[in-house]
$ cat start.cif   # mmCIF, C-alpha atoms
data_data
loop_
_atom_site.label_atom_id
_atom_site.label_comp_id
_atom_site.auth_asym_id
_atom_site.auth_seq_id
_atom_site.Cartn_x
_atom_site.Cartn_y
_atom_site.Cartn_z
CA MET D 1 5.92 12.04 24.55
CA ALA D 2 2.51 11.12 23.13
CA ARG D 3 1.52 7.47 23.29
CA VAL D 4 0.80 5.80 19.95
CA ARG D 5 -2.95 5.53 19.46
CA VAL D 6 -3.29 4.69 15.77
CA VAL D 7 -1.31 2.18 13.72
CA ILE D 8 -1.54 2.90 9.99
CA PHE D 9 -0.70 0.25 7.40
CA ASP D 10 0.31 0.45 3.78
CA CYS D 11 -1.14 -2.45 1.78
CA ASP D 12 1.22 -3.62 -0.96
CA GLY D 13 4.56 -4.75 0.40
CA VAL D 14 3.35 -4.53 4.01
CA MET D 15 0.06 -6.37 4.48
CA PHE D 16 0.58 -8.39 1.33
CA ASP D 17 3.34 -9.52 -0.96
CA SER D 18 1.48 -8.43 -4.08
CA ARG D 19 4.31 -8.35 -6.58
CA ARG D 20 3.17 -11.49 -8.39
CA ALA D 21 -0.39 -10.18 -8.65
CA ASN D 22 0.64 -6.69 -9.75
CA GLU D 23 3.10 -7.98 -12.32
CA ALA D 24 0.52 -10.37 -13.77
CA TYR D 25 -2.07 -7.57 -13.95
CA TYR D 26 0.12 -4.99 -15.70
CA ASN D 27 1.76 -7.57 -17.95
CA HIS D 28 -1.75 -8.56 -19.03
CA ILE D 29 -2.45 -4.96 -20.04
CA LEU D 30 0.88 -4.72 -21.86
CA ALA D 31 0.24 -8.01 -23.67
CA HIS D 32 -3.12 -6.71 -24.92
CA PHE D 33 -1.20 -4.00 -26.78
CA LYS D 34 1.57 -6.45 -27.81
CA ARG D 35 4.08 -4.68 -25.59
CA PRO D 36 6.92 -6.59 -23.85
CA ARG D 37 6.64 -7.64 -20.22
CA MET D 38 7.76 -5.19 -17.55
CA ASN D 39 11.42 -4.86 -16.64
CA SER D 40 12.63 -4.60 -13.05
CA GLU D 41 12.41 -0.80 -12.98
CA GLN D 42 8.83 -0.85 -14.21
CA CYS D 43 7.92 -3.53 -11.68
CA GLU D 44 9.22 -1.32 -8.87
CA TYR D 45 7.21 1.64 -10.13
CA VAL D 46 3.85 -0.13 -10.40
CA HIS D 47 4.36 -1.70 -6.98
CA MET D 48 4.37 1.73 -5.31
CA ASN D 49 2.11 3.93 -7.43
CA THR D 50 -1.57 4.20 -8.25
CA ALA D 51 -2.90 2.12 -11.13
CA GLU D 52 -3.57 5.18 -13.27
CA ARG D 53 -0.06 6.53 -12.71
CA SER D 54 1.35 3.08 -13.46
CA VAL D 55 -0.42 2.69 -16.80
CA ALA D 56 0.53 6.25 -17.76
CA TYR D 57 4.14 5.42 -16.90
CA LEU D 58 4.19 2.16 -18.83
CA PHE D 59 2.71 3.81 -21.94
CA ARG D 60 4.29 7.24 -21.56
CA ASP D 61 6.08 7.02 -24.95
CA ASP D 62 3.31 5.11 -26.70
CA PRO D 63 0.75 6.92 -28.91
CA ARG D 64 -1.84 4.44 -27.62
CA LEU D 65 -1.71 5.85 -24.07
CA LYS D 66 -5.36 6.96 -24.17
CA ASP D 67 -6.42 3.51 -25.39
CA ALA D 68 -4.31 1.86 -22.70
CA LEU D 69 -5.95 3.95 -19.98
CA ALA D 70 -9.38 3.07 -21.37
CA TYR D 71 -8.48 -0.64 -21.39
CA TRP D 72 -7.14 -0.41 -17.83
CA ARG D 73 -10.44 1.13 -16.64
CA ARG D 74 -12.42 -1.84 -17.94
CA THR D 75 -9.92 -4.52 -16.86
CA SER D 76 -10.80 -5.93 -13.46
CA TYR D 77 -8.05 -6.65 -10.94
CA LEU D 78 -10.31 -9.16 -9.15
CA PRO D 79 -8.98 -12.27 -10.96
CA PHE D 80 -5.47 -11.35 -9.81
CA ILE D 81 -6.27 -10.95 -6.09
CA PRO D 82 -5.71 -14.68 -5.34
CA LEU D 83 -2.08 -14.19 -6.44
CA MET D 84 -1.52 -11.88 -3.46
CA GLU D 85 0.12 -13.46 -0.41
CA MET D 86 -0.83 -12.21 3.05
CA GLU D 87 2.21 -11.45 5.19
CA PRO D 88 2.98 -13.85 8.07
CA TYR D 89 1.52 -12.94 11.47
CA LEU D 90 -0.62 -10.10 10.03
CA LYS D 91 -3.91 -11.34 11.51
CA ALA D 92 -2.31 -12.14 14.86
CA PHE D 93 -0.81 -8.64 14.96
CA LEU D 94 -4.16 -7.05 14.14
CA GLU D 95 -5.82 -9.08 16.88
CA TYR D 96 -3.12 -7.91 19.29
CA LEU D 97 -3.75 -4.27 18.33
CA ARG D 98 -7.50 -4.29 18.76
CA PRO D 99 -9.16 -2.78 20.70
CA SER D 100 -6.24 -1.01 22.40
CA TYR D 101 -5.17 0.74 19.19
CA ILE D 102 -7.02 2.35 16.31
CA THR D 103 -6.09 0.67 13.01
CA ALA D 104 -6.18 2.26 9.57
CA ILE D 105 -4.91 1.78 6.01
CA SER D 106 -3.32 4.39 3.75
CA THR D 107 -2.85 2.91 0.30
CA ASN D 108 -2.44 3.91 -3.32
CA ARG D 109 -4.78 1.09 -4.25
CA SER D 110 -8.18 2.20 -5.55
CA GLY D 111 -11.43 0.22 -5.65
CA THR D 112 -9.56 -3.06 -5.19
CA MET D 113 -8.89 -2.48 -1.49
CA GLY D 114 -12.37 -3.59 -0.38
CA PRO D 115 -12.31 -6.85 -2.36
CA VAL D 116 -8.78 -7.58 -1.09
CA LEU D 117 -9.90 -7.24 2.54
CA ALA D 118 -12.98 -9.36 1.86
CA THR D 119 -11.04 -12.10 0.07
CA TYR D 120 -8.60 -12.50 2.96
CA GLY D 121 -11.08 -12.11 5.82
CA LEU D 122 -9.75 -8.75 7.03
CA GLU D 123 -12.86 -6.59 6.71
CA GLY D 124 -13.48 -6.16 10.42
CA TYR D 125 -9.93 -5.33 11.43
CA PHE D 126 -9.68 -1.68 10.34
CA ASP D 127 -11.40 1.44 11.64
CA LEU D 128 -10.68 3.46 8.50
CA VAL D 129 -9.39 2.72 4.99
CA VAL D 130 -8.13 5.59 2.83
CA SER D 131 -7.38 4.67 -0.78
CA CYS D 132 -6.29 6.87 -3.65
CA LEU D 133 -9.98 7.35 -4.47
CA ASP D 134 -10.50 9.15 -1.16
CA VAL D 135 -7.92 11.90 -1.71
CA LYS D 136 -7.03 14.46 -4.36
CA HIS D 137 -3.32 13.78 -4.00
CA PRO D 138 -2.21 10.15 -3.44
CA LYS D 139 1.10 9.21 -1.85
CA PRO D 140 3.86 10.43 -1.81
CA ASP D 141 1.64 13.38 -0.88
CA PRO D 142 0.76 13.13 2.84
CA GLU D 143 -2.96 13.84 2.29
CA SER D 144 -4.11 10.27 3.01
CA LEU D 145 -2.16 10.13 6.29
CA ILE D 146 -3.35 13.57 7.36
CA LYS D 147 -6.93 12.53 6.52
CA ILE D 148 -6.60 9.62 8.96
CA LEU D 149 -5.20 11.84 11.72
CA ASP D 150 -7.96 14.41 11.20
CA HIS D 151 -10.66 11.74 11.18
CA PHE D 152 -9.64 10.54 14.65
CA GLY D 153 -8.55 13.94 15.98
CA LEU D 154 -4.99 12.79 16.59
CA SER D 155 -1.55 14.37 16.32
CA PRO D 156 1.26 12.88 14.19
CA GLU D 157 3.05 11.87 17.40
CA GLU D 158 0.10 9.62 18.26
CA ALA D 159 0.55 7.56 15.08
CA ILE D 160 2.97 5.23 13.39
CA TYR D 161 2.89 4.33 9.71
CA ILE D 162 4.09 0.93 8.51
CA GLY D 163 5.43 1.28 4.98
CA ASP D 164 7.95 -0.34 2.69
CA SER D 165 8.83 2.15 -0.06
CA GLU D 166 10.37 5.53 -0.77
CA ILE D 167 6.86 6.80 -1.45
CA ASP D 168 5.82 5.76 2.06
CA GLU D 169 8.95 7.36 3.46
CA SER D 170 8.15 10.68 1.75
CA ALA D 171 4.49 10.66 2.81
CA ALA D 172 5.31 9.84 6.44
CA ARG D 173 8.00 12.52 6.63
CA ALA D 174 5.69 15.16 5.15
CA ALA D 175 2.91 14.20 7.60
CA GLY D 176 5.31 14.17 10.57
CA ILE D 177 4.42 10.55 11.38
CA PRO D 178 7.17 8.14 12.49
CA LEU D 179 7.71 5.46 9.84
CA VAL D 180 8.20 1.80 10.61
CA ALA D 181 10.10 0.50 7.58
CA TYR D 182 8.86 -3.00 6.80
CA LYS D 183 11.36 -5.35 5.15
CA ASN D 184 13.27 -2.46 3.57
CA PRO D 185 16.56 -1.45 5.23
CA TYR D 186 17.27 1.08 2.48
CA ILE D 187 14.67 3.72 3.35
CA SER D 188 15.11 6.25 6.13
CA ALA D 189 12.97 5.54 9.19
CA PRO D 190 13.29 5.59 12.98
CA TYR D 191 12.32 1.91 13.07
CA HIS D 192 13.18 -1.00 10.77
CA VAL D 193 11.52 -4.41 11.10
CA SER D 194 11.24 -7.63 9.14
CA HIS D 195 8.21 -9.14 10.93
CA PHE D 196 5.02 -7.85 12.55
CA LYS D 197 5.98 -9.52 15.84
CA GLU D 198 8.86 -7.04 16.06
CA ILE D 199 6.37 -4.15 15.90
CA GLU D 200 4.24 -5.81 18.55
CA ASP D 201 7.27 -5.99 20.83
CA LEU D 202 8.27 -2.42 19.97
CA LEU D 203 4.95 -0.64 20.48
CA PRO D 204 4.96 -0.42 24.29
CA PHE D 205 8.26 1.49 24.12
CA ILE D 206 7.37 4.02 21.40
#
$ encode --input "start.cif" --output "structure tokens"
Amino acid sequence: MARVRVVIFDCDGVMFDSRRANEAYYNHILAHFKRPRMNSEQCEYVHMNTAERSVAYLFRDDPRLKDALAYWRRTSYLPFIPLMEMEPYLKAFLEYLRPSYITAISTNRSGTMGPVLATYGLEGYFDLVVSCLDVKHPKPDPESLIKILDHFGLSPEEAIYIGDSEIDESAARAAGIPLVAYKNPYISAPYHVSHFKEIEDLLPFI
């Protein structure tokens, strides 16, 4: 059995609790068009999907969809980044991983990923970051995960992917990469954890 060589992280829901930031951002866009705040189903959708998909979903029955997409493109997420909360033990786990393991990110975030890493002092902790801007087909398509494997010349068995959503589950399964389900007991995965220390303890045995 191949030893794990690369640990791949999702961002939202794994590295950060970003629900408050995401909800504030999309509710701001909705408010601009005098639309009601998101309901629970809409909150779940925007938490997992790309920003463009999310705005298209929120305005899918609204004749102002094109205007909403245009407004989204000129509305910066940067003021909302401070509302994100870094998960406990993340930095300690990253320090444990390096340099023994390659570290990477596969996220449906776009140009906000760089500022997020800079804001929270995480810029030097990852060997590769693949956002939705770096692929033709974002998650749940496995392209971003396969891109990471190809970049380092690794097989799926030499990787684990830490994700928290059904989209992560689908992408990992399609890429053949074992999923570590983070704080979500309801998705199918060979490993379920609620804290990064559990992954640290688990890694030598995978």
$ resolve_selection --input "start.cif" --expression "the PyMOL selection byres ((chain D and resi 107) around 12)" --output "MDAnalysis selection string"
chainID D and resid 8:16 47:51 104:106 108:114 128:135 137:145 148 161:165 167:168 171
$ residues_around --input "start.cif" --residues "range 28-30 of chain D" --least-positions-apart "4" --cutoff "10 Å" --atoms "all atoms listed in the file" --output "PDB file with C-alpha atoms, in the coordinates of the input"
ATOM      1  CA  ASN D  22       0.640  -6.690  -9.750  1.00  0.00           C
ATOM      2  CA  GLU D  23       3.100  -7.980 -12.320  1.00  0.00           C
ATOM      3  CA  ALA D  24       0.520 -10.370 -13.770  1.00  0.00           C
ATOM      4  CA  LYS D  34       1.570  -6.450 -27.810  1.00  0.00           C
ATOM      5  CA  ARG D  35       4.080  -4.680 -25.590  1.00  0.00           C
ATOM      6  CA  PRO D  36       6.920  -6.590 -23.850  1.00  0.00           C
ATOM      7  CA  ARG D  37       6.640  -7.640 -20.220  1.00  0.00           C
ATOM      8  CA  MET D  38       7.760  -5.190 -17.550  1.00  0.00           C
ATOM      9  CA  VAL D  55      -0.420   2.690 -16.800  1.00  0.00           C
ATOM     10  CA  LEU D  58       4.190   2.160 -18.830  1.00  0.00           C
ATOM     11  CA  PHE D  59       2.710   3.810 -21.940  1.00  0.00           C
ATOM     12  CA  ALA D  68      -4.310   1.860 -22.700  1.00  0.00           C
ATOM     13  CA  LEU D  69      -5.950   3.950 -19.980  1.00  0.00           C
ATOM     14  CA  TYR D  71      -8.480  -0.640 -21.390  1.00  0.00           C
ATOM     15  CA  TRP D  72      -7.140  -0.410 -17.830  1.00  0.00           C
ATOM     16  CA  THR D  75      -9.920  -4.520 -16.860  1.00  0.00           C
TER      17      THR D  75
END
$ residues_around --input "start.cif" --residues "Ala189 in chain D" --least-positions-apart "4" --cutoff "10 Å" --atoms "all atoms listed in the file" --output "list in words"
Gly163, Glu169, Ala172, Arg173, Pro178, Leu179, Val180, Ala181, Tyr182, Asn184 and Pro185 of chain D
$ resolve_selection --input "start.cif" --expression "the PyMOL selection byres ((chain D and resi 89-92) around 9)" --output "PDB file with C-alpha atoms, in the coordinates of the input"
ATOM      1  CA  MET D  15       0.060  -6.370   4.480  1.00  0.00           C
ATOM      2  CA  PHE D  16       0.580  -8.390   1.330  1.00  0.00           C
ATOM      3  CA  MET D  86      -0.830 -12.210   3.050  1.00  0.00           C
ATOM      4  CA  GLU D  87       2.210 -11.450   5.190  1.00  0.00           C
ATOM      5  CA  PRO D  88       2.980 -13.850   8.070  1.00  0.00           C
ATOM      6  CA  PHE D  93      -0.810  -8.640  14.960  1.00  0.00           C
ATOM      7  CA  LEU D  94      -4.160  -7.050  14.140  1.00  0.00           C
ATOM      8  CA  GLU D  95      -5.820  -9.080  16.880  1.00  0.00           C
ATOM      9  CA  TYR D  96      -3.120  -7.910  19.290  1.00  0.00           C
ATOM     10  CA  LEU D  97      -3.750  -4.270  18.330  1.00  0.00           C
ATOM     11  CA  LEU D 122      -9.750  -8.750   7.030  1.00  0.00           C
ATOM     12  CA  TYR D 125      -9.930  -5.330  11.430  1.00  0.00           C
ATOM     13  CA  HIS D 195       8.210  -9.140  10.930  1.00  0.00           C
ATOM     14  CA  PHE D 196       5.020  -7.850  12.550  1.00  0.00           C
ATOM     15  CA  LYS D 197       5.980  -9.520  15.840  1.00  0.00           C
TER      16      LYS D 197
END
$ closest_residue --input "start.cif" --among "D:Val193, D:Val116, D:Leu149, D:Ile199" --to "Pro79 in chain D" --atoms "only C-alpha atoms"
D:Val116
$ atom_distance --input "start.cif" --atom1 "CA of Leu117 in chain D" --atom2 "CA of Arg20 in chain D"
17.6 Å
$ residues_around --input "start.cif" --residues "Leu83 in chain D" --least-positions-apart "3" --cutoff "8 Å" --atoms "all atoms listed in the file" --output "PDB file with C-alpha atoms, keeping the file's coordinate frame"
ATOM      1  CA  SER D  18       1.480  -8.430  -4.080  1.00  0.00           C
ATOM      2  CA  ARG D  20       3.170 -11.490  -8.390  1.00  0.00           C
ATOM      3  CA  ALA D  21      -0.390 -10.180  -8.650  1.00  0.00           C
ATOM      4  CA  PHE D  80      -5.470 -11.350  -9.810  1.00  0.00           C
TER       5      PHE D  80
END
$ atom_distance --input "start.cif" --atom1 "CA of Gly121 in chain D" --atom2 "CA of Arg19 in chain D"
20.1 Å
$ closest_residue --input "start.cif" --among "D:Ile81, D:Leu203, D:Cys43, D:Ile102" --to "Pro115 in chain D" --atoms "only C-alpha atoms"
D:Ile81
$ resolve_selection --input "start.cif" --expression "the PyMOL selection byres ((chain D and resi 101) around 9)" --output "PyMOL selection string"
chain D and resi 4-7+96-100+102-103
$ atom_distance --input "start.cif" --atom1 "CA of Glu44 in chain D" --atom2 "CA of Gly176 in chain D"
25.2 Å
$ closest_residue --input "start.cif" --among "D:Ala56, D:Pro63, D:Glu157, D:Tyr186" --to "Ile206 in chain D" --atoms "only C-alpha atoms"
D:Glu157
$ closest_residue --input "start.cif" --among "D:Tyr25, D:Arg64, D:Phe33, D:Tyr45" --to "Leu78 in chain D" --atoms "all atoms listed in the file"
D:Tyr25
$ closest_residue --input "start.cif" --among "D:Asp150, D:Ser170, D:Ala175, D:Arg73" --to "Ile187 in chain D" --atoms "only C-alpha atoms"
D:Ser170
$ axis_aligned_box --input "start.cif" --around "range 163-179 of chain D" --padding-each-side "8 Å" --output "AutoDock Vina command-line options"
--center_x 6.6 --center_y 7.4 --center_z 5.5 --size_x 23.5 --size_y 31.5 --size_z 29.9
$ closest_residue --input "start.cif" --among "D:Ala174, D:Ser40, D:Gly124, D:Ser194" --to "Ile146 in chain D" --atoms "all atoms listed in the file"
D:Ala174
$ decode --input "start.cif" --residues "range 131-151 of chain D" --atoms "N, CA, C and O atoms" --output "PDB file, in the first residue's frame"
ATOM      1  N   SER D 131      -7.424  26.713  -7.320  1.00  0.00           N
ATOM      2  CA  SER D 131      -8.754  27.293  -7.128  1.00  0.00           C
ATOM      3  C   SER D 131      -9.601  27.019  -8.360  1.00  0.00           C
ATOM      4  O   SER D 131      -9.133  26.432  -9.345  1.00  0.00           O
ATOM      5  N   CYS D 132     -10.839  27.489  -8.334  1.00  0.00           N
ATOM      6  CA  CYS D 132     -11.708  27.267  -9.493  1.00  0.00           C
ATOM      7  C   CYS D 132     -11.221  28.029 -10.717  1.00  0.00           C
ATOM      8  O   CYS D 132     -11.622  27.717 -11.848  1.00  0.00           O
ATOM      9  N   LEU D 133     -10.337  29.018 -10.519  1.00  0.00           N
ATOM     10  CA  LEU D 133      -9.782  29.756 -11.655  1.00  0.00           C
ATOM     11  C   LEU D 133      -8.719  28.951 -12.397  1.00  0.00           C
ATOM     12  O   LEU D 133      -8.361  29.292 -13.525  1.00  0.00           O
ATOM     13  N   ASP D 134      -8.228  27.901 -11.781  1.00  0.00           N
ATOM     14  CA  ASP D 134      -7.128  27.120 -12.354  1.00  0.00           C
ATOM     15  C   ASP D 134      -7.598  25.890 -13.117  1.00  0.00           C
ATOM     16  O   ASP D 134      -6.779  25.127 -13.626  1.00  0.00           O
ATOM     17  N   VAL D 135      -8.916  25.672 -13.175  1.00  0.00           N
ATOM     18  CA  VAL D 135      -9.457  24.488 -13.843  1.00  0.00           C
ATOM     19  C   VAL D 135     -10.630  24.891 -14.738  1.00  0.00           C
ATOM     20  O   VAL D 135     -11.247  25.937 -14.546  1.00  0.00           O
ATOM     21  N   LYS D 136     -10.939  24.042 -15.697  1.00  0.00           N
ATOM     22  CA  LYS D 136     -12.125  24.264 -16.528  1.00  0.00           C
ATOM     23  C   LYS D 136     -13.384  23.797 -15.823  1.00  0.00           C
ATOM     24  O   LYS D 136     -14.467  24.339 -16.037  1.00  0.00           O
ATOM     25  N   HIS D 137     -13.226  22.772 -14.983  1.00  0.00           N
ATOM     26  CA  HIS D 137     -14.384  22.160 -14.331  1.00  0.00           C
ATOM     27  C   HIS D 137     -14.140  22.089 -12.823  1.00  0.00           C
ATOM     28  O   HIS D 137     -13.433  21.198 -12.345  1.00  0.00           O
ATOM     29  N   PRO D 138     -14.711  23.029 -12.046  1.00  0.00           N
ATOM     30  CA  PRO D 138     -14.542  23.006 -10.589  1.00  0.00           C
ATOM     31  C   PRO D 138     -15.222  21.793  -9.958  1.00  0.00           C
ATOM     32  O   PRO D 138     -15.982  21.073 -10.606  1.00  0.00           O
ATOM     33  N   LYS D 139     -14.951  21.584  -8.679  1.00  0.00           N
ATOM     34  CA  LYS D 139     -15.617  20.512  -7.942  1.00  0.00           C
ATOM     35  C   LYS D 139     -17.136  20.681  -8.037  1.00  0.00           C
ATOM     36  O   LYS D 139     -17.609  21.814  -8.037  1.00  0.00           O
ATOM     37  N   PRO D 140     -17.890  19.598  -8.176  1.00  0.00           N
ATOM     38  CA  PRO D 140     -17.554  18.202  -7.861  1.00  0.00           C
ATOM     39  C   PRO D 140     -16.731  17.464  -8.915  1.00  0.00           C
ATOM     40  O   PRO D 140     -16.419  16.299  -8.717  1.00  0.00           O
ATOM     41  N   ASP D 141     -16.416  18.107 -10.035  1.00  0.00           N
ATOM     42  CA  ASP D 141     -15.515  17.468 -10.993  1.00  0.00           C
ATOM     43  C   ASP D 141     -14.158  17.243 -10.310  1.00  0.00           C
ATOM     44  O   ASP D 141     -13.711  18.084  -9.514  1.00  0.00           O
ATOM     45  N   PRO D 142     -13.481  16.138 -10.615  1.00  0.00           N
ATOM     46  CA  PRO D 142     -12.208  15.845  -9.944  1.00  0.00           C
ATOM     47  C   PRO D 142     -11.002  16.570 -10.534  1.00  0.00           C
ATOM     48  O   PRO D 142      -9.873  16.338 -10.093  1.00  0.00           O
ATOM     49  N   GLU D 143     -11.224  17.456 -11.508  1.00  0.00           N
ATOM     50  CA  GLU D 143     -10.084  18.057 -12.227  1.00  0.00           C
ATOM     51  C   GLU D 143      -9.065  18.708 -11.297  1.00  0.00           C
ATOM     52  O   GLU D 143      -7.853  18.557 -11.488  1.00  0.00           O
ATOM     53  N   SER D 144      -9.527  19.439 -10.276  1.00  0.00           N
ATOM     54  CA  SER D 144      -8.573  20.132  -9.402  1.00  0.00           C
ATOM     55  C   SER D 144      -7.713  19.144  -8.623  1.00  0.00           C
ATOM     56  O   SER D 144      -6.508  19.364  -8.427  1.00  0.00           O
ATOM     57  N   LEU D 145      -8.308  18.037  -8.186  1.00  0.00           N
ATOM     58  CA  LEU D 145      -7.539  17.025  -7.452  1.00  0.00           C
ATOM     59  C   LEU D 145      -6.561  16.303  -8.377  1.00  0.00           C
ATOM     60  O   LEU D 145      -5.404  16.056  -8.001  1.00  0.00           O
ATOM     61  N   ILE D 146      -7.013  15.997  -9.570  1.00  0.00           N
ATOM     62  CA  ILE D 146      -6.129  15.331 -10.536  1.00  0.00           C
ATOM     63  C   ILE D 146      -4.982  16.256 -10.936  1.00  0.00           C
ATOM     64  O   ILE D 146      -3.837  15.811 -11.115  1.00  0.00           O
ATOM     65  N   LYS D 147      -5.263  17.543 -11.034  1.00  0.00           N
ATOM     66  CA  LYS D 147      -4.220  18.525 -11.359  1.00  0.00           C
ATOM     67  C   LYS D 147      -3.114  18.513 -10.300  1.00  0.00           C
ATOM     68  O   LYS D 147      -1.922  18.606 -10.622  1.00  0.00           O
ATOM     69  N   ILE D 148      -3.509  18.380  -9.035  1.00  0.00           N
ATOM     70  CA  ILE D 148      -2.524  18.327  -7.949  1.00  0.00           C
ATOM     71  C   ILE D 148      -1.693  17.049  -8.048  1.00  0.00           C
ATOM     72  O   ILE D 148      -0.459  17.090  -7.945  1.00  0.00           O
ATOM     73  N   LEU D 149      -2.346  15.920  -8.266  1.00  0.00           N
ATOM     74  CA  LEU D 149      -1.609  14.662  -8.411  1.00  0.00           C
ATOM     75  C   LEU D 149      -0.626  14.736  -9.568  1.00  0.00           C
ATOM     76  O   LEU D 149       0.544  14.329  -9.442  1.00  0.00           O
ATOM     77  N   ASP D 150      -1.091  15.231 -10.705  1.00  0.00           N
ATOM     78  CA  ASP D 150      -0.231  15.323 -11.893  1.00  0.00           C
ATOM     79  C   ASP D 150       0.944  16.255 -11.656  1.00  0.00           C
ATOM     80  O   ASP D 150       2.069  15.990 -12.112  1.00  0.00           O
ATOM     81  N   HIS D 151       0.703  17.350 -10.959  1.00  0.00           N
ATOM     82  CA  HIS D 151       1.767  18.327 -10.696  1.00  0.00           C
ATOM     83  C   HIS D 151       2.927  17.695  -9.936  1.00  0.00           C
ATOM     84  O   HIS D 151       4.093  17.976 -10.212  1.00  0.00           O
TER      85      HIS D 151
END
